[in-house]
file protein.cif (mmCIF, C-alpha atoms)
data_entry
#
loop_
_atom_site.label_atom_id
_atom_site.label_comp_id
_atom_site.auth_asym_id
_atom_site.auth_seq_id
_atom_site.Cartn_x
_atom_site.Cartn_y
_atom_site.Cartn_z
CA MET J 25 67.49 193.26 -65.01
CA GLN J 26 70.43 195.57 -64.24
CA GLY J 27 68.04 197.98 -62.54
CA ALA J 28 66.74 195.15 -60.34
CA ALA J 29 70.29 194.16 -59.36
CA SER J 30 71.10 197.79 -58.59
CA ALA J 31 68.02 198.05 -56.37
CA GLN J 32 69.20 194.98 -54.44
CA THR J 33 72.59 196.55 -53.72
CA GLN J 34 70.95 199.69 -52.33
CA LEU J 35 69.18 197.78 -49.55
CA SER J 36 70.45 198.45 -46.03
CA GLY J 37 70.36 196.67 -42.64
CA GLY J 38 70.60 192.88 -42.81
CA PHE J 39 70.85 193.00 -46.62
CA ALA J 40 74.00 195.14 -46.44
CA ALA J 41 75.49 193.02 -43.63
CA VAL J 42 75.11 189.84 -45.71
CA ARG J 43 76.64 191.55 -48.78
CA ARG J 44 79.68 192.74 -46.82
CA PHE J 45 80.14 189.36 -45.15
CA LEU J 46 80.00 187.34 -48.37
CA ALA J 47 82.33 189.79 -50.12
CA GLU J 48 84.87 189.55 -47.28
CA VAL J 49 84.97 185.74 -47.10
CA ARG J 50 86.07 185.64 -50.75
CA THR J 51 89.20 187.72 -50.00
CA ASP J 52 92.42 187.41 -48.03
CA ALA J 53 90.78 189.55 -45.34
CA ARG J 54 88.63 186.57 -44.32
CA LYS J 55 88.72 185.97 -40.57
CA PRO J 56 89.14 182.46 -39.08
CA GLY J 57 85.68 182.67 -37.54
CA TYR J 58 82.40 184.60 -37.78
CA ILE J 59 79.33 184.98 -35.58
CA LEU J 60 75.97 185.29 -37.31
CA VAL J 61 73.96 187.28 -34.77
CA GLY J 62 70.19 187.54 -35.15
CA ASP J 63 67.16 185.34 -35.76
CA ALA J 64 66.34 186.62 -39.27
CA ALA J 65 65.96 183.23 -40.97
CA TYR J 66 66.19 184.57 -44.53
CA PHE J 67 69.53 186.26 -43.87
CA GLN J 68 70.82 183.16 -42.07
CA GLN J 69 69.95 181.13 -45.17
CA GLN J 70 71.60 183.68 -47.49
CA CYS J 71 74.81 183.55 -45.44
CA ARG J 72 74.91 179.76 -45.51
CA THR J 73 74.17 179.54 -49.24
CA GLY J 74 76.75 182.24 -50.01
CA LEU J 75 79.43 180.48 -47.95
CA LEU J 76 78.81 177.19 -49.72
CA GLU J 77 79.04 178.83 -53.13
CA ALA J 78 82.15 180.85 -52.26
CA LEU J 79 84.24 178.29 -50.38
CA THR J 80 83.23 174.76 -51.30
CA ASP J 81 83.22 172.47 -54.31
CA PRO J 82 79.63 171.33 -55.06
CA ALA J 83 80.88 167.79 -55.74
CA LEU J 84 82.51 167.59 -52.28
CA ARG J 85 79.95 169.32 -50.07
CA ASP J 86 79.09 166.17 -48.16
CA PHE J 87 82.69 166.21 -46.92
CA CYS J 88 83.05 170.01 -46.59
CA VAL J 89 80.31 170.90 -44.11
CA SER J 90 80.10 169.92 -40.44
CA GLU J 91 77.29 170.83 -38.03
CA PHE J 92 77.65 170.99 -34.25
CA THR J 93 74.93 171.92 -31.75
CA LEU J 94 76.20 172.95 -28.34
CA GLY J 95 74.43 170.98 -25.65
CA VAL J 96 74.47 167.92 -27.89
CA HIS J 97 78.13 168.36 -28.84
CA THR J 98 80.89 170.30 -27.07
CA VAL J 99 82.79 173.24 -28.48
CA PHE J 100 85.90 171.02 -28.25
CA ASP J 101 84.30 168.70 -30.83
CA ALA J 102 83.88 171.62 -33.25
CA LEU J 103 87.41 172.91 -32.66
CA ASP J 104 88.86 169.45 -33.20
CA ARG J 105 87.04 169.15 -36.53
CA ALA J 106 88.16 172.62 -37.65
CA SER J 107 91.81 172.02 -36.74
CA THR J 108 92.03 168.58 -38.40
CA PRO J 109 92.78 168.75 -42.15
CA SER J 110 90.34 166.74 -44.24
CA LEU J 111 91.61 164.09 -46.63
CA MET J 112 88.46 164.45 -48.77
CA ALA J 113 87.82 168.21 -48.85
CA PRO J 114 90.24 171.06 -49.57
CA PHE J 115 88.21 173.43 -47.35
CA GLN J 116 85.92 172.88 -44.37
CA LEU J 117 82.95 174.87 -43.11
CA VAL J 118 82.19 174.19 -39.44
CA PHE J 119 78.84 175.53 -38.17
CA VAL J 120 78.38 175.80 -34.40
CA ARG J 121 74.77 176.30 -33.30
CA ASN J 122 73.08 177.06 -29.97
CA VAL J 123 75.75 179.62 -29.03
CA ARG J 124 73.53 180.60 -26.10
CA ALA J 125 74.80 177.50 -24.27
CA LEU J 126 78.23 179.16 -23.96
CA TYR J 127 76.70 181.87 -21.79
CA GLN J 128 74.57 179.74 -19.49
CA ARG J 129 75.33 177.92 -16.22
CA GLY J 130 78.95 178.68 -15.43
CA ALA J 131 81.82 180.71 -16.80
CA LYS J 132 82.94 178.14 -19.45
CA LYS J 133 86.55 179.28 -18.98
CA GLU J 134 88.04 176.18 -20.57
CA GLU J 135 85.79 176.49 -23.61
CA PHE J 136 86.64 180.16 -24.19
CA ALA J 137 90.35 179.51 -23.65
CA ALA J 138 90.27 176.71 -26.24
CA MET J 139 88.42 178.89 -28.75
CA GLU J 140 90.87 181.75 -28.26
CA ALA J 141 93.84 179.42 -28.71
CA TYR J 142 92.41 178.01 -31.94
CA LEU J 143 91.37 181.37 -33.39
CA ARG J 144 94.81 182.85 -32.74
CA ALA J 145 96.41 180.01 -34.72
CA PRO J 146 93.64 178.68 -36.98
CA ASN J 147 93.65 176.09 -39.72
CA PRO J 148 93.68 178.26 -42.89
CA GLN J 149 91.65 175.59 -44.69
CA ALA J 150 88.68 175.85 -42.34
CA LEU J 151 86.14 178.46 -41.30
CA LEU J 152 84.25 178.43 -37.98
CA VAL J 153 80.75 179.92 -38.17
CA PHE J 154 78.96 180.46 -34.84
CA VAL J 155 75.19 180.87 -35.13
CA ALA J 156 73.66 183.10 -32.42
CA ASP J 157 70.05 182.97 -33.58
CA HIS J 158 68.64 183.25 -30.05
CA LEU J 159 68.90 187.05 -30.31
CA HIS J 160 66.50 189.32 -32.16
CA ILE J 161 67.83 192.49 -33.75
CA PRO J 162 65.02 194.81 -34.92
CA ALA J 163 65.40 197.01 -37.98
CA ASP J 164 65.87 199.92 -35.57
CA ALA J 165 68.61 198.64 -33.25
CA ARG J 166 67.59 201.23 -30.63
CA ARG J 167 64.46 199.14 -30.02
CA MET J 168 66.41 196.00 -29.18
CA GLU J 169 65.17 194.44 -25.94
CA MET J 170 67.38 194.82 -22.88
CA GLN J 171 67.96 191.07 -22.44
CA ASP J 172 69.06 190.73 -26.07
CA LYS J 173 71.31 193.79 -25.71
CA GLU J 174 73.04 192.30 -22.69
CA GLN J 175 73.60 188.96 -24.42
CA TYR J 176 74.80 190.70 -27.57
CA GLU J 177 77.39 192.65 -25.55
CA LYS J 178 78.62 189.43 -23.94
CA ILE J 179 79.13 187.87 -27.37
CA ARG J 180 80.83 190.98 -28.74
CA GLU J 181 83.23 191.21 -25.79
CA SER J 182 84.15 187.50 -25.86
CA LEU J 183 83.84 185.71 -29.21
CA GLY J 184 83.72 189.07 -30.97
CA ALA J 185 87.31 189.74 -29.91
CA TRP J 186 88.51 186.98 -32.27
CA CYS J 187 85.67 186.57 -34.80
CA GLY J 188 83.87 188.80 -37.25
CA LEU J 189 80.38 189.88 -36.14
CA VAL J 190 77.63 189.76 -38.75
CA GLU J 191 74.50 191.57 -37.52
CA LEU J 192 71.44 190.03 -39.14
CA ALA J 193 68.83 192.63 -38.23
CA GLU J 194 65.27 192.15 -39.47
CA ALA J 195 64.46 194.05 -42.63
CA ALA J 196 62.80 197.45 -42.39
CA GLU J 197 59.38 197.51 -44.05
CA ALA J 198 60.56 199.82 -46.85
CA ASP J 199 63.56 197.57 -47.57
CA ALA J 200 61.36 194.45 -47.55
CA MET J 201 59.07 196.03 -50.15
CA ARG J 202 62.01 197.14 -52.33
CA TRP J 203 63.52 193.65 -52.09
CA LEU J 204 60.20 192.10 -53.13
CA VAL J 205 59.84 194.38 -56.16
CA ALA J 206 63.49 193.86 -57.20
CA THR J 207 63.31 190.06 -56.79
CA ALA J 208 60.14 189.88 -58.89
CA ALA J 209 61.80 192.10 -61.52
CA GLN J 210 64.73 189.68 -61.74
CA ALA J 211 62.16 187.05 -62.75
CA GLY J 212 60.82 189.41 -65.43
CA VAL J 213 57.63 190.29 -63.53
CA GLN J 214 56.50 193.68 -62.24
CA CYS J 215 55.17 193.57 -58.68
CA GLN J 216 52.84 196.52 -58.39
CA ALA J 217 53.31 198.83 -55.41
CA ASP J 218 49.99 198.06 -53.73
CA ALA J 219 50.62 194.31 -54.15
CA ALA J 220 54.10 194.63 -52.60
CA ARG J 221 52.67 196.65 -49.73
CA GLU J 222 49.90 194.12 -49.08
CA LEU J 223 52.26 191.13 -49.12
CA THR J 224 54.78 192.87 -46.86
CA ASP J 225 52.06 193.93 -44.44
CA ALA J 226 50.31 190.56 -44.46
CA LEU J 227 53.53 188.66 -43.70
CA HIS J 228 54.83 191.24 -41.25
CA GLY J 229 58.01 191.77 -43.28
CA ASP J 230 59.11 188.13 -42.77
CA LEU J 231 61.47 187.73 -45.74
CA MET J 232 61.54 183.93 -45.56
CA ALA J 233 57.74 183.77 -45.78
CA MET J 234 57.69 186.51 -48.43
CA SER J 235 60.22 184.60 -50.53
CA SER J 236 58.08 181.46 -50.37
CA GLU J 237 54.87 183.31 -51.24
CA LEU J 238 56.58 185.18 -54.06
CA GLU J 239 57.54 181.85 -55.66
CA LYS J 240 53.88 180.80 -55.56
CA LEU J 241 52.77 184.14 -56.99
CA LEU J 242 55.27 183.93 -59.85
CA LEU J 243 53.83 180.52 -60.78
CA TYR J 244 50.28 181.86 -60.38
CA VAL J 245 50.86 184.78 -62.79
CA SER J 246 52.84 182.68 -65.29
CA GLY J 247 52.22 184.13 -68.73
CA ARG J 248 51.51 187.60 -67.34
CA ASP J 249 54.02 190.36 -66.70
CA ARG J 250 52.77 191.67 -63.36
CA ILE J 251 51.59 190.76 -59.86
CA THR J 252 48.54 192.71 -58.75
CA LEU J 253 46.85 193.30 -55.41
CA GLU J 254 44.10 190.89 -56.45
CA ASP J 255 46.71 188.17 -57.05
CA VAL J 256 48.09 188.60 -53.53
CA GLU J 257 44.64 188.56 -51.94
CA ALA J 258 43.71 185.43 -53.90
CA MET J 259 46.90 183.45 -53.25
CA VAL J 260 48.38 184.48 -49.92
CA SER J 261 46.54 182.82 -47.05
CA THR J 262 47.90 185.26 -44.45
CA ALA J 263 46.49 188.18 -46.41
CA ARG J 264 43.07 186.51 -46.21
CA GLN J 265 43.66 185.84 -42.51
CA ARG J 266 44.42 189.52 -41.97
CA SER J 267 41.16 190.40 -43.72
CA LEU J 268 39.33 188.03 -41.37
CA TYR J 269 40.73 189.83 -38.33
CA GLU J 270 39.57 193.09 -39.91
CA LEU J 271 36.11 191.49 -40.09
CA THR J 272 36.13 190.54 -36.40
CA ASP J 273 37.39 194.05 -35.63
CA ALA J 274 34.34 195.54 -37.34
CA ILE J 275 32.04 193.04 -35.59
CA SER J 276 33.47 193.75 -32.13
CA ALA J 277 33.17 197.50 -32.80
CA HIS J 278 29.48 196.93 -33.79
CA ASP J 279 30.13 198.48 -37.21
CA ARG J 280 27.59 196.45 -39.19
CA ALA J 281 28.10 198.22 -42.53
CA ARG J 282 31.88 197.77 -42.49
CA ALA J 283 31.55 194.17 -41.32
CA LEU J 284 29.22 193.31 -44.21
CA ALA J 285 31.53 195.02 -46.71
CA LEU J 286 34.51 193.04 -45.39
CA LEU J 287 32.52 189.80 -45.52
CA HIS J 288 31.65 190.39 -49.16
CA GLY J 289 35.30 191.13 -49.89
CA LEU J 290 36.37 187.85 -48.27
CA LEU J 291 33.79 185.84 -50.21
CA ASN J 292 34.64 187.51 -53.51
CA ALA J 293 38.37 186.89 -52.99
CA SER J 294 37.93 183.25 -51.99
CA ASP J 295 39.01 180.64 -54.50
CA GLY J 296 35.89 178.66 -53.76
CA GLY J 297 33.44 181.55 -53.65
CA GLU J 298 30.42 180.56 -51.59
CA ASP J 299 31.89 177.09 -51.08
CA ALA J 300 34.57 178.72 -48.92
CA ALA J 301 31.86 179.78 -46.43
CA ILE J 302 32.51 176.88 -44.04
CA GLY J 303 36.22 177.73 -43.97
CA HIS J 304 35.46 181.35 -43.08
CA LEU J 305 33.04 180.16 -40.43
CA TYR J 306 35.69 177.91 -38.89
CA MET J 307 38.10 180.86 -38.66
CA LEU J 308 35.41 183.06 -37.12
CA ALA J 309 34.67 180.42 -34.47
CA ARG J 310 38.39 180.03 -33.74
CA THR J 311 38.89 183.79 -33.39
CA PHE J 312 35.98 184.23 -30.97
CA ARG J 313 37.25 181.28 -28.91
CA GLN J 314 40.69 182.93 -28.81
CA MET J 315 39.05 186.16 -27.64
CA LEU J 316 37.22 184.23 -24.94
CA VAL J 317 40.50 182.84 -23.56
CA VAL J 318 42.14 186.28 -23.74
CA LEU J 319 39.25 187.82 -21.80
CA GLU J 320 39.09 185.04 -19.21
CA LYS J 321 42.84 185.20 -18.52
CA ASN J 322 42.84 189.01 -18.57
CA VAL J 323 45.60 189.21 -21.19
CA ARG J 324 46.73 192.81 -21.66
CA ASP J 325 49.84 192.62 -23.87
CA SER J 326 51.14 190.56 -26.78
CA ARG J 327 53.85 188.87 -24.67
CA ALA J 328 51.31 187.35 -22.29
CA ILE J 329 49.18 186.05 -25.15
CA TRP J 330 51.73 183.31 -25.95
CA GLN J 331 51.29 181.89 -22.46
CA ALA J 332 47.50 182.18 -22.54
CA LEU J 333 47.05 180.47 -25.92
CA TRP J 334 48.49 176.98 -26.27
CA PRO J 335 50.49 175.68 -29.28
CA GLY J 336 48.24 175.08 -32.26
CA PHE J 337 45.78 177.68 -30.99
CA ARG J 338 48.04 180.73 -31.12
CA VAL J 339 47.69 183.72 -33.43
CA ALA J 340 50.10 185.24 -35.92
CA PRO J 341 52.34 187.89 -34.28
CA PHE J 342 50.97 190.69 -36.43
CA VAL J 343 47.42 190.28 -35.09
CA ALA J 344 48.17 189.68 -31.39
CA ASP J 345 47.55 193.28 -30.33
CA ASP J 346 44.43 193.50 -32.50
CA LEU J 347 42.98 190.35 -30.93
CA ILE J 348 43.56 191.66 -27.40
CA ARG J 349 41.94 194.98 -28.26
CA GLN J 350 38.94 193.26 -29.82
CA ALA J 351 38.47 190.91 -26.85
CA ARG J 352 38.48 193.82 -24.41
CA ARG J 353 35.58 195.42 -26.23
CA TYR J 354 33.30 192.81 -24.67
CA LYS J 355 32.14 193.38 -21.09
CA ASN J 356 32.17 189.77 -19.98
CA ARG J 357 32.62 186.18 -21.11
CA SER J 358 28.86 185.61 -21.55
CA ASP J 359 28.82 188.03 -24.51
CA LEU J 360 31.61 186.11 -26.21
CA LEU J 361 29.98 182.77 -25.39
CA ARG J 362 26.83 183.97 -27.14
CA CYS J 363 28.96 184.86 -30.20
CA VAL J 364 30.50 181.36 -30.23
CA GLU J 365 27.03 179.79 -29.93
CA ARG J 366 25.70 181.94 -32.76
CA VAL J 367 28.58 180.84 -35.02
CA ALA J 368 27.80 177.20 -34.13
CA HIS J 369 24.18 177.71 -35.20
CA ALA J 370 25.34 179.21 -38.49
CA ASP J 371 27.61 176.20 -39.02
CA ARG J 372 24.61 173.91 -38.55
CA ASP J 373 22.61 175.97 -41.05
CA LEU J 374 25.40 175.89 -43.65
CA ARG J 375 25.73 172.12 -43.40
CA SER J 376 21.96 171.79 -43.95
CA SER J 377 22.41 172.85 -47.62
CA PRO J 378 20.75 176.27 -47.53
CA VAL J 379 19.60 177.92 -50.74
CA ASP J 380 22.18 180.72 -50.36
CA LYS J 381 25.24 180.32 -48.13
CA ARG J 382 26.06 184.01 -48.52
CA LEU J 383 22.76 184.94 -46.86
CA VAL J 384 23.56 182.68 -43.89
CA LEU J 385 26.87 184.46 -43.37
CA GLU J 386 25.35 187.90 -43.85
CA GLN J 387 22.73 187.18 -41.18
CA LEU J 388 25.45 185.85 -38.89
CA VAL J 389 27.53 189.03 -39.25
CA ILE J 390 24.45 191.19 -38.60
CA ASP J 391 23.64 189.20 -35.44
CA LEU J 392 27.23 189.19 -34.16
CA SER J 393 27.55 192.94 -34.71
CA ALA J 394 24.57 193.46 -32.39
CA MET J 395 25.92 191.27 -29.55
CA GLY J 396 27.69 192.66 -26.50
CA GLN J 397 28.34 196.20 -25.50
CA THR J 398 31.49 198.21 -26.08
CA ALA J 399 33.40 198.43 -22.85
CA ARG J 400 36.62 200.11 -23.98
CA VAL J 401 38.78 200.19 -27.12
#
call {"tool": "encode", "arguments": {"input": "protein.cif", "output": "structure tokens"}}
result
Amino acid sequence: MQGAASAQTQLSGGFAAVRRFLAEVRTDARKPGYILVGDAAYFQQQCRTGLLEALTDPALRDFCVSEFTLGVHTVFDALDRASTPSLMAPFQLVFVRNVRALYQRGAKKEEFAAMEAYLRAPNPQALLVFVADHLHIPADARRMEMQDKEQYEKIRESLGAWCGLVELAEAAEADAMRWLVATAAQAGVQCQADAARELTDALHGDLMAMSSELEKLLLYVSGRDRITLEDVEAMVSTARQRSLYELTDAISAHDRARALALLHGLLNASDGGEDAAIGHLYMLARTFRQMLVVLEKNVRDSRAIWQALWPGFRVAPFVADDLIRQARRYKNRSDLLRCVERVAHADRDLRSSPVDKRLVLEQLVIDLSAMGQTARV
């Protein structure tokens, strides 16, 4: 257990920023206000939970915490709450969200003047927490997008002059894996390296999603002392989704042998075995329809794909580039239409109670692998 805790303290980036922040707010060095910068939801949650534990009485939390969203409320509302002592709570946490509104449509001189005046003479029994989750800070800050950099500088030069800045950068892949292994170890379970790598890769290093899936995995392996790769493949839906995109990659590349091997892997890993065939078929149909839209709208990069595919029909971020590459392997929309039609025929065959559903899917993959011609990769 001590080794797991030690591994947690060695994590860098957003992990280290949260540790420093929560250590500081417990001391006399605490500032009257802080800005949580970055859209990393897990770190945002850790900051909030840590603040509640450090500064509020659990029995009085309904009276201790106030939430303001700029655009719905004004910054003057938040400042008034922070400066007014509470009769019910010895300490107040005041969260101010949608910070982006302070930097849109006008200079907001009165708002900034009021914030400066308060932060120079704050209520010592209150803490202002500004949440700037409209910015994305990558693990490598040098890759931060120009628009986010410009907005970050505006925040640093204005609010940052009076408040502490907490940079919640997304976790690097290596740190995400170490966190996963250490968190599982704290629960008395060993997460094997290949399982940690698969879960991190499948969820694109999203710590919030990884935390949720790890809870499920710990329940799944209850009574055992380790999480294996097979456990991740069986339980984590995104890992199965990633395998499905690997299948369509093999199909679009006309690699019949690899496609069949991937199909067998999907069927063997499915909870329902052959009964999961219709679910796999649905995902295949959906993926080819997504490719069809991508090809028709001539999508060439992952940013444009969000405009081309409507809500409810979009893909996970980690497969956007793969989907575009696969779609561009087909010369024209008629090839993809034939693929969609062939999947529809297989769906009809499956619902007609065939002797062997696996054979229906195998024949489908063989037929799809032969359709279309490779244009470019």
call {"tool": "residues_around", "arguments": {"input": "protein.cif", "residues": "Leu385 in chain J", "least_positions_apart": "5", "cutoff": "10 Å", "atoms": "all atoms listed in the file", "output": "mmCIF file with C-alpha atoms, in the coordinates of the input"}}
result
data_model
loop_
_atom_site.group_PDB
_atom_site.id
_atom_site.type_symbol
_atom_site.label_atom_id
_atom_site.label_comp_id
_atom_site.auth_asym_id
_atom_site.auth_seq_id
_atom_site.Cartn_x
_atom_site.Cartn_y
_atom_site.Cartn_z
ATOM 1 C CA LEU J 284 29.220 193.310 -44.210
ATOM 2 C CA LEU J 287 32.520 189.800 -45.520
ATOM 3 C CA HIS J 288 31.650 190.390 -49.160
ATOM 4 C CA LEU J 291 33.790 185.840 -50.210
ATOM 5 C CA GLU J 298 30.420 180.560 -51.590
ATOM 6 C CA ALA J 301 31.860 179.780 -46.430
ATOM 7 C CA ILE J 302 32.510 176.880 -44.040
ATOM 8 C CA HIS J 304 35.460 181.350 -43.080
ATOM 9 C CA LEU J 305 33.040 180.160 -40.430
ATOM 10 C CA VAL J 367 28.580 180.840 -35.020
ATOM 11 C CA ALA J 370 25.340 179.210 -38.490
ATOM 12 C CA ASP J 371 27.610 176.200 -39.020
ATOM 13 C CA ASP J 373 22.610 175.970 -41.050
ATOM 14 C CA LEU J 374 25.400 175.890 -43.650
ATOM 15 C CA ASP J 380 22.180 180.720 -50.360
ATOM 16 C CA ILE J 390 24.450 191.190 -38.600
ATOM 17 C CA ASP J 391 23.640 189.200 -35.440
#
call {"tool": "resolve_selection", "arguments": {"input": "protein.cif", "expression": "the PyMOL selection byres ((chain J and resi 353) around 12)", "output": "number ranges by chain"}}
result
J: 272-278, 315-316, 318-319, 346-352, 354-357, 359-360, 393, 395-401
call {"tool": "axis_aligned_box", "arguments": {"input": "protein.cif", "around": "range 361-375 of chain J", "padding_each_side": "4 Å", "output": "AutoDock Vina command-line options"}}
result
--center_x 26.6 --center_y 178.5 --center_z -34.5 --size_x 15.9 --size_y 20.7 --size_z 26.3
call {"tool": "atom_distance", "arguments": {"input": "protein.cif", "atom1": "CA of Asn292 in chain J", "atom2": "CA of Ser377 in chain J"}}
result
20.0 Å
call {"tool": "closest_atom_pairs", "arguments": {"input": "protein.cif", "of": "range 161-258 of chain J", "to": "range 124-137 of chain J", "cutoff": "12 Å", "atoms": "all atoms listed in the file", "output": "CSV"}}
result
residue,atom,partner,partner_atom,distance
J:Asp172,CA,J:Arg124,CA,11.1
J:Glu174,CA,J:Tyr127,CA,11.1
J:Gln175,CA,J:Tyr127,CA,8.2
J:Tyr176,CA,J:Arg124,CA,10.3
J:Glu177,CA,J:Tyr127,CA,11.4
J:Lys178,CA,J:Tyr127,CA,8.1
J:Ile179,CA,J:Tyr127,CA,8.5
J:Glu181,CA,J:Phe136,CA,11.7
J:Ser182,CA,J:Phe136,CA,7.9
J:Leu183,CA,J:Phe136,CA,8.0
J:Gly184,CA,J:Phe136,CA,11.6
J:Ala185,CA,J:Phe136,CA,11.2
J:Trp186,CA,J:Phe136,CA,10.7
call {"tool": "write_last_selection", "arguments": {"input": "protein.cif", "atoms": "C-alpha atoms", "output": "PDB file, keeping the file's coordinate frame"}}
result
ATOM      1  CA  ASP J 172      69.060 190.730 -26.070  1.00  0.00           C
ATOM      2  CA  GLU J 174      73.040 192.300 -22.690  1.00  0.00           C
ATOM      3  CA  GLN J 175      73.600 188.960 -24.420  1.00  0.00           C
ATOM      4  CA  TYR J 176      74.800 190.700 -27.570  1.00  0.00           C
ATOM      5  CA  GLU J 177      77.390 192.650 -25.550  1.00  0.00           C
ATOM      6  CA  LYS J 178      78.620 189.430 -23.940  1.00  0.00           C
ATOM      7  CA  ILE J 179      79.130 187.870 -27.370  1.00  0.00           C
ATOM      8  CA  GLU J 181      83.230 191.210 -25.790  1.00  0.00           C
ATOM      9  CA  SER J 182      84.150 187.500 -25.860  1.00  0.00           C
ATOM     10  CA  LEU J 183      83.840 185.710 -29.210  1.00  0.00           C
ATOM     11  CA  GLY J 184      83.720 189.070 -30.970  1.00  0.00           C
ATOM     12  CA  ALA J 185      87.310 189.740 -29.910  1.00  0.00           C
ATOM     13  CA  TRP J 186      88.510 186.980 -32.270  1.00  0.00           C
TER      14      TRP J 186
END
call {"tool": "resolve_selection", "arguments": {"input": "protein.cif", "expression": "the PyMOL selection byres ((chain J and resi 217) around 9)", "output": "list in words"}}
result
Met201, Val205, Cys215, Gln216, Asp218, Ala219, Ala220, Arg221, Glu222, Thr252 and Leu253 of chain J
call {"tool": "residues_around", "arguments": {"input": "protein.cif", "residues": "Pro109 in chain J", "least_positions_apart": "4", "cutoff": "12 Å", "atoms": "only C-alpha atoms", "output": "PyMOL selection string"}}
result
chain J and resi 87-88+103-105+113-117+146-151
call {"tool": "atom_distance", "arguments": {"input": "protein.cif", "atom1": "CA of Ala193 in chain J", "atom2": "CA of Gly62 in chain J"}}
result
6.1 Å
call {"tool": "closest_residue", "arguments": {"input": "protein.cif", "among": "J:Ala47, J:Val89, J:Ala340, J:Ala195", "to": "Asp164 in chain J", "atoms": "only C-alpha atoms"}}
result
J:Ala195
call {"tool": "atom_distance", "arguments": {"input": "protein.cif", "atom1": "CA of Phe67 in chain J", "atom2": "CA of Val153 in chain J"}}
result
14.1 Å
call {"tool": "decode", "arguments": {"input": "protein.cif", "residues": "range 165-182 of chain J", "atoms": "C-alpha atoms", "output": "tab-separated table (two decimals), in the first residue's frame"}}
result
chain	number	residue	atom	x	y	z
J	165	ALA	CA	2.13	22.29	-23.19
J	166	ARG	CA	4.12	23.12	-26.35
J	167	ARG	CA	1.30	21.51	-28.35
J	168	MET	CA	-1.36	23.80	-26.92
J	169	GLU	CA	-3.50	25.31	-29.67
J	170	MET	CA	-2.94	28.97	-30.49
J	171	GLN	CA	-6.48	30.05	-29.53
J	172	ASP	CA	-6.16	28.36	-26.14
J	173	LYS	CA	-2.72	29.91	-25.64
J	174	GLU	CA	-4.07	33.39	-26.30
J	175	GLN	CA	-6.98	32.92	-23.91
J	176	TYR	CA	-4.69	31.42	-21.27
J	177	GLU	CA	-2.41	34.47	-21.47
J	178	LYS	CA	-5.41	36.79	-21.05
J	179	ILE	CA	-6.44	34.92	-17.89
J	180	ARG	CA	-2.88	34.89	-16.53
J	181	GLU	CA	-2.41	38.63	-17.11
J	182	SER	CA	-5.78	39.59	-15.57
